[in-house]
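First comes the structure, then the notes that go with it.
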Amino acid sequence: MSFYTELLICVLLVIGGIFLLIGSIGLARLPDVFTRLHGPTKATTLGITGVLLASMIYQTLNQGHFSVSELLITLFLLITAPVAANMIAKTALHRENSAIPRTTGLSLLNNIRQRKAADAKEED
Amino acid sequence: MNTLLCIPLLVLLGTLVPLCSTRYSRTACAFLTAALPAIALFLILQLAPSVLDGQRFQTSLAWVPSLGLNLAFRLDGLTLLFSILILGIGLLVILYARYYLSHNDNIGKFFCYLILFMFAMLGVVMSDNLIQIWVFWELTSISSFLLISFWSGKSEARKGARMALTITGAGGLFLLAGLLLLGNVVGSFDLQTVLDSGDLIRAHSAYPIITVLILIGAFTKSAQFPFHFWLPNAMAAPTPVSAYLHSATMVKAGIFLMARFYPSLAGTDLWFLLVSMTGLATFLLGGYLALFQHDLKGLLANSTISHLGLITLLLGMGSDLALVAAIFHIINHATFKASLFMAAGIIDHESGSRDMRQLNGLWKYMPYTATLAMVASSAMAGVPLLNGFLSKEMFFNETLHQDSLGSLSWMVPVMATLGGVLSVAYSTRFVHDVFFNGEPINLPKTPHEPPRYMRVPVEILVALCLLVGIFPSWIVGDLLHSASFAALNASVPEYSLAIWHGFNIPLLMSAIALVGGLLVYYNRQHLFKFQAQFPSNDPKVLFERAIQQLVAKATWFIGFFENGSLQRYMYFLFMFTIVVSAYPLLDLDTTAGRRPEIPLDALSITGAVLLSIASLATVVWHRRRMVALLTLSVVGLIVTLAFARFSAPDLALTQLSVEVVTIILLMLALFFLPQKTPKESSPRRVVRDLGISAMIGGVVGTVIYALMTRPLETISTFFTENSKTGGGGTNVVNVILVDFRGFDTLGEITVLGIAALGIFKLIARMRLYMPSSNEQGRPWSTDRHPLMLSVVSQSLLPLALLVSAYIFLRGHNMPGGGFIAGLITSVAIIQQYVAHGVDWIKDRLKLDYQIMIGSGIGIAALTGLGSWFFGRPFLTSWFDYFYLPVIGKFELASAMLFDLGVYLTVVGATMLILANLGQLTTSERAVFEEEA
Amino acid sequence: MRFLPMPFHSLLLFVIWLLMNNSISPGHIVLALFFAISIPLLVNSMRSEQPKIRKPWLALRYFFLVLKDILIANIQVAVLVLGPIRKLKPGFVAVPLDVTSDVGITLLASTVSLTPGTVSVEVSEDKQWLYVHALHLDNEQALIDEIKQRYERPIKEILGC
Amino acid sequence: MLSWALFFVTICICIALFLNLWRLLVGPHVSDRIMALDTMYINAIALLMLYGIYMETSLYFEAALLIAMLGFVSTSALCKYLLRGDIIE
Amino acid sequence: MEGIYAFCVGLMTACGIFLTLRGRTFSVVVGLTLLSYAVNLFLFASGRLKLDGAAVLGMSEEYGDPLPQALVLTAIVIGFAMTAFAVILAMRARADLGNDHVDGRIPQTKEQARQKSGGQR
Amino acid sequence: MQHLSILPILLPLFTGALLLLPPLSKTLKRQRVFTVLSMLLQVIIGFTLVASVQIDGVTQYILGDWRPPFGIVLVADPMSSVMVCVTNFLAFGAVCYATGYHDRTGGYFYPLFMFQVMGINGAFLTGDAFNLFVFFEVLLIASYALLIHGGGKQKTQATTHYVVLNLAGSSVFLFGLGILYGTLGTLNIADMAQKVGELEGSVAILAKIGALLLLVVFGMKSAMLPLHFWLPKTYSSASAPVAAIFAVMTKVGIYSILRIHGVVFGDEAGELANIAQSWLWPLALLTIVIGTIGALASPSLKLLTANLVVLSAGTLMVCAAIGSEAATSAALYYMVHSTLVAGGMFLLADLIARQRGKAEDRFVISKKTDNPLFLGIGFAIAAIAVIGMPPLSGFLGKIMILQAAHSTAEQLWVWPIVLLSSLGALIALSRAGTTLFWRHSVNKQQTEEHQTVHIGEWLGIVLLLGASPLLALFGGPVSELANDAATFLHDPRLSVEALLTSPLADGGF
């Protein structure tokens with residue numbers, strides 16, 4: 001394994017690791033449910049992609065034949081992560097978890113909760 | 001065939017005769033019933049001359065040789081005597097009963113029981129094997145139970161029967177213990193061997209126990225003090241039964257037993273003291289109690305107790321002559337008491353009452369019966385020229401020649417005389433109160449003489465009383481001699497059976513008894529008054545109360561332990577586990593063994609900490625169910641990672657897929673179970689439970705640590721070596737699962753299939769209300785099938801199926817396999833359910849999960865069966881490599897087919913469970929009410 | 001089309017099978033073909049009607065565009081997450097939808113979730129509005145426009161609805 | 001270099017896992033906890049891939065794939081439960 | 001490593017057992033699940049721990065003991081079936097008995113009450 | 001007939017699987033006929049197996065052709081073959097009975113019943129410790145499913161307790177197995193027996209814990225004292241044919257104790273010889289006591305029968321505690337007897353309960369039964385047999401046990417307790433019988449339609465209870481059989497070494 005490939009793997013790994021960590025930091029650090037959603041859906045997905053790519057390259061070189069199966073996991077996560085985020089957000093909305101007060105567009109929240117159109121009038 | 005075997009066999013067959021002949025007239029039934037016992041009696045009488053000459057017949061058939069239990073019968077003098085009594089009186093009773101029983105009674109059933117009893121009794125006396133004696137002994141208890149409770153509609157009959165059964169049954173158990181011990185001491189259960197080794201037995205350390213046990217058996221059966229109380233209560237039986245069982249035969253079984261084992265057990269102070277004192281006490285107590293009975297049969301029953309006491313006393317005196325006297329009195333008592341009972345039965349039958357306060361002056365109505373009864377009761381009282389006199393003379397004589405009480409031995413004759421006084425007194429009362437003493441009071445019927453043939457048995461017996469009384473040696477001399485010879489198992493001492501022995505002390509004692517008895521009877525009012533001061537303790541009530549108290553105590557006790565709380569049972573289980581497992585651990589010196597440990601690293605520590613925190617959090621938050629569920633998922637995830645870490649990828653896969661399905665199931669449960677868990681464990685309970693769980697956790701941790709740090713040699717190298725060559729796969733775990741230990745897997749999928757069927761059963765009848773709001777009281781969201789989820793799930797399904805196919809196909813060589821593939825398929829389908837709902841799926845997916853389960857198990861099993869056609873045992877695997885032009889080399893293995901079975905079962909089972917659970921909830925939502 | 005009810009999926013499955021096995025040996029190609037045909041046939045009944053991909057090449061380009069945006073998105077998010085929380089100005093935005101098909105909406109929502117600073121939170125019941133939560137919202141309208149221009153338009157073109 | 005990178009990433013993921021657990025434990029809402037669990041699944045995938053690199057084996061790929069798949073199912077089911085109570089209706 | 005592993009197994013066992021001793025079906029089921037995790041780890045470890053020894057031929061130099069792994073696999077599946085049954089049973093119990101207690105504090109129905117005090121003889 | 005010894009497992013398995021598939025799954029009638037026929041065949045196979053073991057000696061069936069101790073073997077020795085035969089016979093009786101009424105009260109009765117039989121037979125036949133666990137689970141899960149058959153509150157509650165306890169028990173089982181594997185490195189029971197003797201020191205102590213944990217599990221299955229509490233309620237609430245087949249389940253526990261603790265940890269086990277005995281003695285005796293007390297306290301016939309099962313289990317455990325050859329032989333005889341009689345009694349209790357109107361089987365005054373003669377005779381036979389009174393089979397078993405206990409140090413405890421338990425049973429059953437059959441309410445206005453005994457129900461009861469007189473009559477041959485079995489089990493040369501070193505072990509037949 002040449003130095004450069006190893007370097008590439010390392011870089012990918014480190015990027016992956018950092019983003020994974022950032023995702024989790026976001027999860028732990030951000031103030032409300034909706035902001036926390038951003039960490040796992042984006043940073044973590046990217047992080048895992050990094051690790052998977054590293055693994056892919058490494059395994060390909062190590063085993064001597066093309067190893068691309070990791071792409072499958074990436075694909076999978078790319079498909080599912082937004083849906084998971086959406087479900088969690090729906091849950092949070094349904095259970096009336098509060099967003100932090102400085103959020104803009106809080107007036108929309110009630111409409112969102114009841115899944116009404118944005119221009120629908122408040123009824124209650 | 002052997003005559004000796006024929007005798008009991010004939011009687012046994014006889015039990016069926018009444019059942020078959022019950023449809024004919026009652027007379028015909030009675031005669032048919034009597035036929036076989038009559039033949040049996042005839043056979044015995046045929047053998048009698050040889051027996052009287054001192055011959056002994058024995059026969060034996062092997063039954064359970066390993067126990068020393070043979071079907072052995074004997075006929076010696078004692079047996080002969082008793083057999084004649086049993087069969088003879090039995091025949092008379094059959095005749096009597098034909099008239100006694102009314103049309104309402106099922107006479108066939110009665111005779112059946114009666115003959116069964118006869119068989120049992122005959123068996124007791126004819127047995128030549130210790131265990132066999134007990135077998136028949138208990139049979140008498142059972143048959144007497146049936147007879148006593150013949151009028152089962154009456155509460156008295158039921159209670160009396162139960163009491164008799166309980167007491168004699170208990171005695172029987174003592175007897176069994178005694179007999180077994182005896183047999184073990186002698187080394188044989190053969191009766192003759194036992195009889196011949198009396199010295200050995202008496203010298204053995206177990207002798208006292210044996211004696212006591214056997215005597216208790218005998219005493220209970222013979223209604224000896226303090227077990228006497230069941231006998232009067234057994235009088236609820238029809239009178240023929242009383243006459244037969246409770247005077248002539250069954251109560252004599254105890255006496256018989258003592259006489260039978262006389263050579264083996266008697267001859268020690270223990271025996272004398274126990275037997276004679278019990279006998280004396282019974283003799284007096286029975287006589288005394290008889291005096292106060294108002295019930296005719298009660299009087300007779302207590303007099304029977306008294307006379308049985310007399311015989312027992314004789315047996316306990318230790319002299320051979322006393323034994324002769326005892327046997328003589330057995331004969332006499334049987335004759336006069338049976339006739340008395342029958343007479344009492346006639347009175348009862350014809351007048352409708354047995355109460356002596358109502359029965360008066362019957363002489364006028366039934367003079368003939370009265371005469372018979374008077375003769376018989378004179379015999380009971382010991383009036384000269386009747387048989388009772390003779391044996392009583394012998395008894396008095398023997399009391400004078402004993403020294404069982406040392407210097408207090410003089411008391412025995414005095415007591416005996418007193419007993420004689422009592423027996424004269426109650427006999428007088430029987431005669432005077434019933435047949436004279438004014439007019440009958442309020443009798444239900446006008447008394448009259450019984451049918452002709454109902455009197456015949458009484459006549460015969462009374463005639464015997466007279467004949468024996470007058471010509472003793474001519475009538476019973478030989479019989480008595482041979483019986484005594486057999487009982488003694490040695491030569492019989494000289495004795496004379498004459499009416500007149502000259503003026504001697506026994507005669508004086510008899511005279512005192514006669515005179516005193518009359519005096520007592522005339523002054524009975526004083527005695528009655530005296531007796532009235534005591535609270536009347538009906539033994540029946542006492543006994544019932546005792547039993548009921550026993551039951552109440554038992555109920556309380558059981559209720560105390562089995563309080564219906566699962567926690568209690570779990571507590572017992574875990575406590576027991578702790579005790580059992582921690583105790584040996586105390587002996588373990590060092591926990592750590594010699595095997596080098598794997599060094600720690602950050603990852604493992606992280607895993608361990610996460611696992612610990614998550615587990616603890618599950619415990620702490622178990623009342624916040626949703627959170628507990630999430631922490632549980634974390635635990636599952638870490639366990640999965642642990643499996644992966646310690647080189648078990650298959651396990652990781654399985655654990656993971658199982659966990660998801662479990663969580664989904666738990667969520668379903670969460671939905672239907674009450675949404676809140678109130679805090680309900682007391683702090684003490686919590687501390688206790690913490691203690692228990694900590695202890696078990698500690699033990700488990702210690703043990704596994706100790707195990708892991710010790711080297712181990714296992715059979716596993718075989719698997720790794722043979723996996724490829726023998727099983728055709730490189731994934732050893734999978735090869736073990738589908739090949740080496742495929743049978744386990746077959747069982748495992750069966751479990752899964754059964755679980756699904758069982759769950760289906762559970763769901764089929766379930767009526768659950770769905771909560772309309774969550775634990776916060778918030779109504780559910782109206783968005784049944786979120787848009788993004790449904791769209792994406794649809795696209796994921798083919799992908800998931802592909803993955804499951806991939807996992808399935810590579811299972812044999814790489815981590816994976818049918819089970820995991822099955823779970824993935826199931827989870828993918830479940831995801832569709834989650835995203836689209838049951839109704840949507842139902843129209844689109846038409847799979848019969850039940851058939852999937854059945855065929856899955858079937859395919860797996862059939863795969864195993866396939867090897868039969870190659871002459872190999874079940875589940876022998878087969879694999880081979882093939883070449884196809886384009887594709888190249890590939891492998892086919894029977895294990896794949898097996899795995900297909902696994903796959904089908906898993907999918908079928910999981911889906912059967914989940915799909916049906918889903919259907920459960922498609923009905924309309926009722927408002928749910930939380931229980932108070 | 002009876003044997004290939006879902007051509008796109010079939011292709012995907014075919015590729016994925018080979019991906020998973022890391023192999024393009026003839027045996028695996030045969031297997032991949034088998035699954036690519038059989039699985040769609042199996043699950044065909046389990047699908048609701050879905051629009052076809054009209055412009056595959058545009059789809060591919062869109063895919064890479066999203067990939068690039070994901071990268072950028074993450075760096076932005078990283079900065080925001082690690083930066084001072086107080087300066088964060090989260091907000092909800094309602095995006096009016098032009099795409100009508102479920103698939104289209106889902107695709108758009110997913111893209112929004114994966115790309116800079118936004119997560120799609122909810123779709124209104126009449127499917128006219130997509131509610132989006134932004135981690136840091138400076139200009140509402142700009143965000144709406146960007147979403148509509150950058151993502152919704154290509155999706156509409158690809159799916160034709 | 002690779003081992004160093006591996007070590008670094010492992011530490012990162014360990015910290016991430018702890019953070020996830022922390023979020024899972026403190027909540028405050030169930031949605032937060034589910035999110036934390038979901039993130040944990042993804043971190044676990046990364047961990048498995050790392051382990052695969054470290055052990056020079058691809059044996060753990062399937063496990064990672066399964067976590068990805070099943071983690072999603074589990075998350076969506078959990079959310080569905082919170083939304084509708086009945087996950088299969 | 002062995003020590004920490006053993007500690008975790010012990011702790012999980014303890015947690016599981018504590019939960020099974022609670023008075024509600026749900027806690028009991030969760031406890032049993034936890035307990036079965038612990039059991040699986042225990043059984044697995046009875047073949048001793050091994051790093052880098054997956055029992056796939058050709059993938060490693062030394063193999064861990066594959067037999068306990070196979071046993072654990074069977075145990076997992078069986079445990080799954082059992083847990084599933086227990087879960088549904090808990091629901092059924094709720095449906096039939098109206099509550100989720102397991103501690104026997106069930107309001108007695110008339111029939112049961114009569115049965116308990118029922119006269120004898 | 002080389003496959004004879006696996007048939008008792010395969011036949012019910014296939015029957016069960018086929019019953020799930022069309023065309024059999026379509027109507028109950030087909031299922032009924034098929035199951036009865038299959039069961040009849042199984043009975044025949046059971047007897048054939050006993051006979052073949054008697055004639056040809058012990059056979060071991062090497063599954064998958066992997067020689068022991070590596071693969072799983074089934075061992076058909078005299079003991080297991082007899083137990084299999086008893087199980088099949090009992091199951092046949094129960095199935096016959098079920099055709100009358102009970103198969104209609106819920107779904108999947110026959111398939112589940114077949115799986116239950118399979119599990120029990122497997123547990124008896126297997127020669128592998130982990131496979132024993134698997135079959136335990138098969139029989140357990142089937143029993144859970146069968147227990148709820150018919151439905152009702154009581155069943156649900158009893159099942160909940162039963163299931164949770166047994167789940168905990170299964171965990172303990174696995175702990176025990178793990179320890180044994182971790183110390184012995186093998187799973188084949190015969191191989192274990194060989195290796196146990198070589199253990200010493202700390203490893204021996206660990207193995208001891210494993211063995212004792214197994215004792216806990218088997219104790220729970222066989223209703224040993226502190227672990228028996230689930231039994232009375234569970235058995236009494238099960239529907240009749242299920243309760244009948246349950247009668248053999250406690251025996252599986254006893255059998256396993258005899259197998260594992262009597263043989264593997266028997267006299268030859270070196271440091272670990274007879275470790276279970278000191279625990280078994282007091283517990284067995286106390287089990288008898290509590291069974292007797294429970295019998296006395298029982299307010300209904302089913303509960304009474306269930307408590308009698310506890311009592312008989314205690315008696316059997318005494319045999320296991322004695323551990324001698326005579327005791328094992330006695331245990332086998334008593335096991336056969338008590339299984340069949342208890343099974344018959346459960347069936348009878350159900351019939352009685354169904355004929356007594358609202359009173360069911362409780363000991364209260366009630367209407368008269370419709371078939372007093374049949375039920376009465378049946379009850380008498382069952383009662384006499386179960387008390388251990390002559391002339392039915394119970395007394396032979398009891399005497400054998402007493403004799404086996406003779407001249408042991410604990411004789412002073414065993415004899416009184418065993419005998420007094422008989423007395424307790426006598427009291428309880430005489431009260432039960434007199435009340436059930438003889439205390440009638442007078443009012444005869446409500447004359448419901450006269451119930452007749454269905455032919456299947458009749459046959460089931462006659463088969464099971466009729467076995468008792470036969471067992472007594474042929475006490476000689478049966479006890480010889482039991483002696484053979486005991487001899488085999490206690491002779492390590494026969495039971496252990498032969499199974500590992502026989503020429504059969506090379507895979508050929």
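In the structure tokens, chains take letters A, B, ... by order of appearance, with residues numbered from 1 within each chain and ligands from 1 in the order shown.
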- [ ] Name all residues at most 9 Å from Leu12 in chain B (count only C-alpha atoms; drop same-chain ones fewer than 4 positions away) and give them as number ranges by chain.
- [x] B: 7-8, 16, 115-116, 118-120
Atoms to include: N, CA, C and O atoms. Write the selected residues as a PDB file, in the first residue's frame.
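Okay, again_1.pdb is ready:
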```pdb
ATOM      1  N   ILE B   7     -59.989 -71.428  45.425  1.00  0.00           N
ATOM      2  CA  ILE B   7     -60.912 -70.915  46.439  1.00  0.00           C
ATOM      3  C   ILE B   7     -61.052 -69.400  46.365  1.00  0.00           C
ATOM      4  O   ILE B   7     -62.156 -68.902  46.144  1.00  0.00           O
ATOM      5  N   PRO B   8     -59.965 -68.649  46.523  1.00  0.00           N
ATOM      6  CA  PRO B   8     -60.144 -67.199  46.413  1.00  0.00           C
ATOM      7  C   PRO B   8     -60.577 -66.768  45.012  1.00  0.00           C
ATOM      8  O   PRO B   8     -61.353 -65.823  44.865  1.00  0.00           O
ATOM      9  N   LEU B  16     -68.576 -60.821  40.243  1.00  0.00           N
ATOM     10  CA  LEU B  16     -69.213 -60.429  38.985  1.00  0.00           C
ATOM     11  C   LEU B  16     -70.631 -60.973  38.886  1.00  0.00           C
ATOM     12  O   LEU B  16     -71.479 -60.407  38.212  1.00  0.00           O
ATOM     13  N   ILE B 115     -69.366 -59.628  48.283  1.00  0.00           N
ATOM     14  CA  ILE B 115     -68.492 -60.731  47.855  1.00  0.00           C
ATOM     15  C   ILE B 115     -67.052 -60.223  47.719  1.00  0.00           C
ATOM     16  O   ILE B 115     -66.092 -60.933  48.023  1.00  0.00           O
ATOM     17  N   LEU B 116     -66.946 -58.979  47.270  1.00  0.00           N
ATOM     18  CA  LEU B 116     -65.594 -58.407  47.181  1.00  0.00           C
ATOM     19  C   LEU B 116     -64.954 -58.409  48.559  1.00  0.00           C
ATOM     20  O   LEU B 116     -63.790 -58.793  48.730  1.00  0.00           O
ATOM     21  N   MET B 118     -65.745 -60.371  50.959  1.00  0.00           N
ATOM     22  CA  MET B 118     -65.493 -61.773  51.319  1.00  0.00           C
ATOM     23  C   MET B 118     -64.168 -62.229  50.726  1.00  0.00           C
ATOM     24  O   MET B 118     -63.344 -62.866  51.393  1.00  0.00           O
ATOM     25  N   PHE B 119     -63.964 -61.853  49.474  1.00  0.00           N
ATOM     26  CA  PHE B 119     -62.724 -62.213  48.797  1.00  0.00           C
ATOM     27  C   PHE B 119     -61.530 -61.618  49.533  1.00  0.00           C
ATOM     28  O   PHE B 119     -60.540 -62.300  49.809  1.00  0.00           O
ATOM     29  N   ALA B 120     -61.658 -60.351  49.900  1.00  0.00           N
ATOM     30  CA  ALA B 120     -60.550 -59.681  50.561  1.00  0.00           C
ATOM     31  C   ALA B 120     -60.236 -60.363  51.878  1.00  0.00           C
ATOM     32  O   ALA B 120     -59.080 -60.636  52.219  1.00  0.00           O
TER      33      ALA B 120
END
```
- [ ] Tell me which protein, DNA and RNA residues are within 12 Å of Ala85 in chain A, counting only C-alpha atoms, leaving out same-chain ones fewer than 3 positions away, and put them as a ChimeraX atom specification.
- [x] /A:33-42,45,77-82,88-92 /B:788-789 /C:109-114,118-122,132-133 /D:31-32,34-36,38-39,72,75-76,79
TODO: With a distance threshold of 7 Å and counting only C-alpha atoms, extract the residues of chain C near chain A and express them as a ChimeraX atom specification.
DONE: /C:16,19-22,74,78,81,85,89-94,110,113-114,117,119-126,128-129,131,133,135
Residue subset to file, keeping N, CA and C atoms, as a JSON list (two decimals), in the first residue's frame:
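Output saved as again_11.json:
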```json
[["chain", "number", "residue", "atom", "x", "y", "z"],
["C", 16, "ILE", "N", -26.73, -3.57, -7.33],
["C", 16, "ILE", "CA", -26.48, -3.75, -5.89],
["C", 16, "ILE", "C", -26.01, -5.17, -5.60],
["C", 19, "LEU", "N", -22.57, -5.27, -6.36],
["C", 19, "LEU", "CA", -21.85, -4.48, -5.37],
["C", 19, "LEU", "C", -21.64, -5.28, -4.09],
["C", 20, "MET", "N", -22.72, -5.87, -3.66],
["C", 20, "MET", "CA", -22.65, -6.59, -2.40],
["C", 20, "MET", "C", -21.65, -7.72, -2.46],
["C", 21, "ASN", "N", -21.65, -8.40, -3.59],
["C", 21, "ASN", "CA", -20.76, -9.55, -3.69],
["C", 21, "ASN", "C", -19.36, -9.18, -4.15],
["C", 22, "ASN", "N", -19.18, -7.90, -4.47],
["C", 22, "ASN", "CA", -17.88, -7.46, -4.94],
["C", 22, "ASN", "C", -17.38, -8.33, -6.07],
["C", 74, "ASN", "N", -22.45, 20.11, 5.26],
["C", 74, "ASN", "CA", -21.87, 19.60, 6.48],
["C", 74, "ASN", "C", -20.85, 20.54, 7.06],
["C", 78, "ALA", "N", -21.14, 22.08, 10.61],
["C", 78, "ALA", "CA", -20.06, 21.89, 11.58],
["C", 78, "ALA", "C", -19.70, 23.21, 12.21],
["C", 81, "VAL", "N", -22.49, 24.25, 14.54],
["C", 81, "VAL", "CA", -22.59, 23.42, 15.74],
["C", 81, "VAL", "C", -21.48, 23.75, 16.72],
["C", 85, "ILE", "N", -23.56, 28.92, 20.45],
["C", 85, "ILE", "CA", -24.96, 28.56, 20.32],
["C", 85, "ILE", "C", -25.84, 29.80, 20.30],
["C", 89, "LYS", "N", -29.68, 31.30, 14.86],
["C", 89, "LYS", "CA", -31.02, 31.83, 14.68],
["C", 89, "LYS", "C", -31.86, 30.83, 13.91],
["C", 90, "PRO", "N", -32.36, 29.80, 14.58],
["C", 90, "PRO", "CA", -33.15, 28.81, 13.88],
["C", 90, "PRO", "C", -34.51, 29.37, 13.47],
["C", 91, "GLY", "N", -35.16, 28.68, 12.53],
["C", 91, "GLY", "CA", -36.46, 29.17, 12.13],
["C", 91, "GLY", "C", -37.22, 28.18, 11.28],
["C", 92, "PHE", "N", -38.54, 28.34, 11.26],
["C", 92, "PHE", "CA", -39.39, 27.49, 10.41],
["C", 92, "PHE", "C", -39.76, 28.25, 9.16],
["C", 93, "VAL", "N", -39.82, 27.52, 8.07],
["C", 93, "VAL", "CA", -40.17, 28.14, 6.81],
["C", 93, "VAL", "C", -41.19, 27.26, 6.11],
["C", 94, "ALA", "N", -42.16, 27.89, 5.51],
["C", 94, "ALA", "CA", -43.12, 27.12, 4.73],
["C", 94, "ALA", "C", -42.79, 27.30, 3.26],
["C", 110, "SER", "N", -36.31, 14.95, 1.13],
["C", 110, "SER", "CA", -35.05, 14.29, 1.49],
["C", 110, "SER", "C", -33.88, 15.18, 1.13],
["C", 113, "SER", "N", -33.50, 17.92, 3.50],
["C", 113, "SER", "CA", -32.95, 17.47, 4.79],
["C", 113, "SER", "C", -31.45, 17.27, 4.71],
["C", 114, "LEU", "N", -30.98, 16.82, 3.54],
["C", 114, "LEU", "CA", -29.57, 16.48, 3.45],
["C", 114, "LEU", "C", -28.69, 17.70, 3.16],
["C", 117, "GLY", "N", -28.13, 23.26, 6.17],
["C", 117, "GLY", "CA", -28.84, 23.88, 7.27],
["C", 117, "GLY", "C", -30.32, 23.70, 7.33],
["C", 119, "VAL", "N", -33.86, 21.09, 7.48],
["C", 119, "VAL", "CA", -34.45, 19.77, 7.64],
["C", 119, "VAL", "C", -35.93, 19.91, 7.33],
["C", 120, "SER", "N", -36.43, 19.02, 6.49],
["C", 120, "SER", "CA", -37.87, 19.12, 6.22],
["C", 120, "SER", "C", -38.61, 18.45, 7.38],
["C", 121, "VAL", "N", -39.57, 19.19, 7.87],
["C", 121, "VAL", "CA", -40.21, 18.78, 9.11],
["C", 121, "VAL", "C", -41.56, 18.12, 8.85],
["C", 122, "GLU", "N", -42.27, 18.69, 7.92],
["C", 122, "GLU", "CA", -43.64, 18.19, 7.76],
["C", 122, "GLU", "C", -44.16, 18.59, 6.39],
["C", 123, "VAL", "N", -45.05, 17.81, 5.87],
["C", 123, "VAL", "CA", -45.73, 18.16, 4.64],
["C", 123, "VAL", "C", -47.19, 18.40, 5.03],
["C", 124, "SER", "N", -47.75, 19.46, 4.54],
["C", 124, "SER", "CA", -49.13, 19.75, 4.94],
["C", 124, "SER", "C", -50.04, 18.69, 4.34],
["C", 125, "GLU", "N", -51.21, 18.61, 4.93],
["C", 125, "GLU", "CA", -52.09, 17.51, 4.58],
["C", 125, "GLU", "C", -52.51, 17.58, 3.11],
["C", 126, "ASP", "N", -52.66, 18.81, 2.60],
["C", 126, "ASP", "CA", -53.06, 18.93, 1.20],
["C", 126, "ASP", "C", -51.87, 18.87, 0.24],
["C", 128, "GLN", "N", -49.52, 20.79, -0.29],
["C", 128, "GLN", "CA", -49.20, 22.05, -0.96],
["C", 128, "GLN", "C", -48.01, 22.74, -0.32],
["C", 129, "TRP", "N", -47.70, 22.35, 0.87],
["C", 129, "TRP", "CA", -46.64, 23.05, 1.59],
["C", 129, "TRP", "C", -45.65, 22.08, 2.18],
["C", 131, "TYR", "N", -42.90, 22.14, 5.09],
["C", 131, "TYR", "CA", -42.37, 22.92, 6.20],
["C", 131, "TYR", "C", -40.93, 22.53, 6.45],
["C", 133, "HIS", "N", -37.27, 23.32, 8.60],
["C", 133, "HIS", "CA", -36.64, 23.96, 9.74],
["C", 133, "HIS", "C", -35.19, 24.27, 9.35],
["C", 135, "LEU", "N", -31.41, 25.66, 10.47],
["C", 135, "LEU", "CA", -30.61, 25.82, 11.67],
["C", 135, "LEU", "C", -30.26, 27.28, 11.89]]
```
TODO: Extract, using only C-alpha atoms, all DNA, RNA and protein residues at most 8 Å from Ile76 in chain E, discarding same-chain residues fewer than 5 positions from it, and format them as a PyMOL selection string.
DONE: (chain B and resi 654-655+658) or (chain E and resi 36+40)
Task: All residues 8 Å or closer to Gly17 in chain A, only C-alpha atoms, same chain fewer than 6 positions away omitted, as a PyMOL selection string - done: (chain A and resi 47-48+50-51) or (chain D and resi 8-10+12-13)
Open item on the list: Between CA of Thr631 in chain B and CA of Leu82 in chain C, what distance in Å does the model show, to one decimal?
Closed with: 27.5 Å
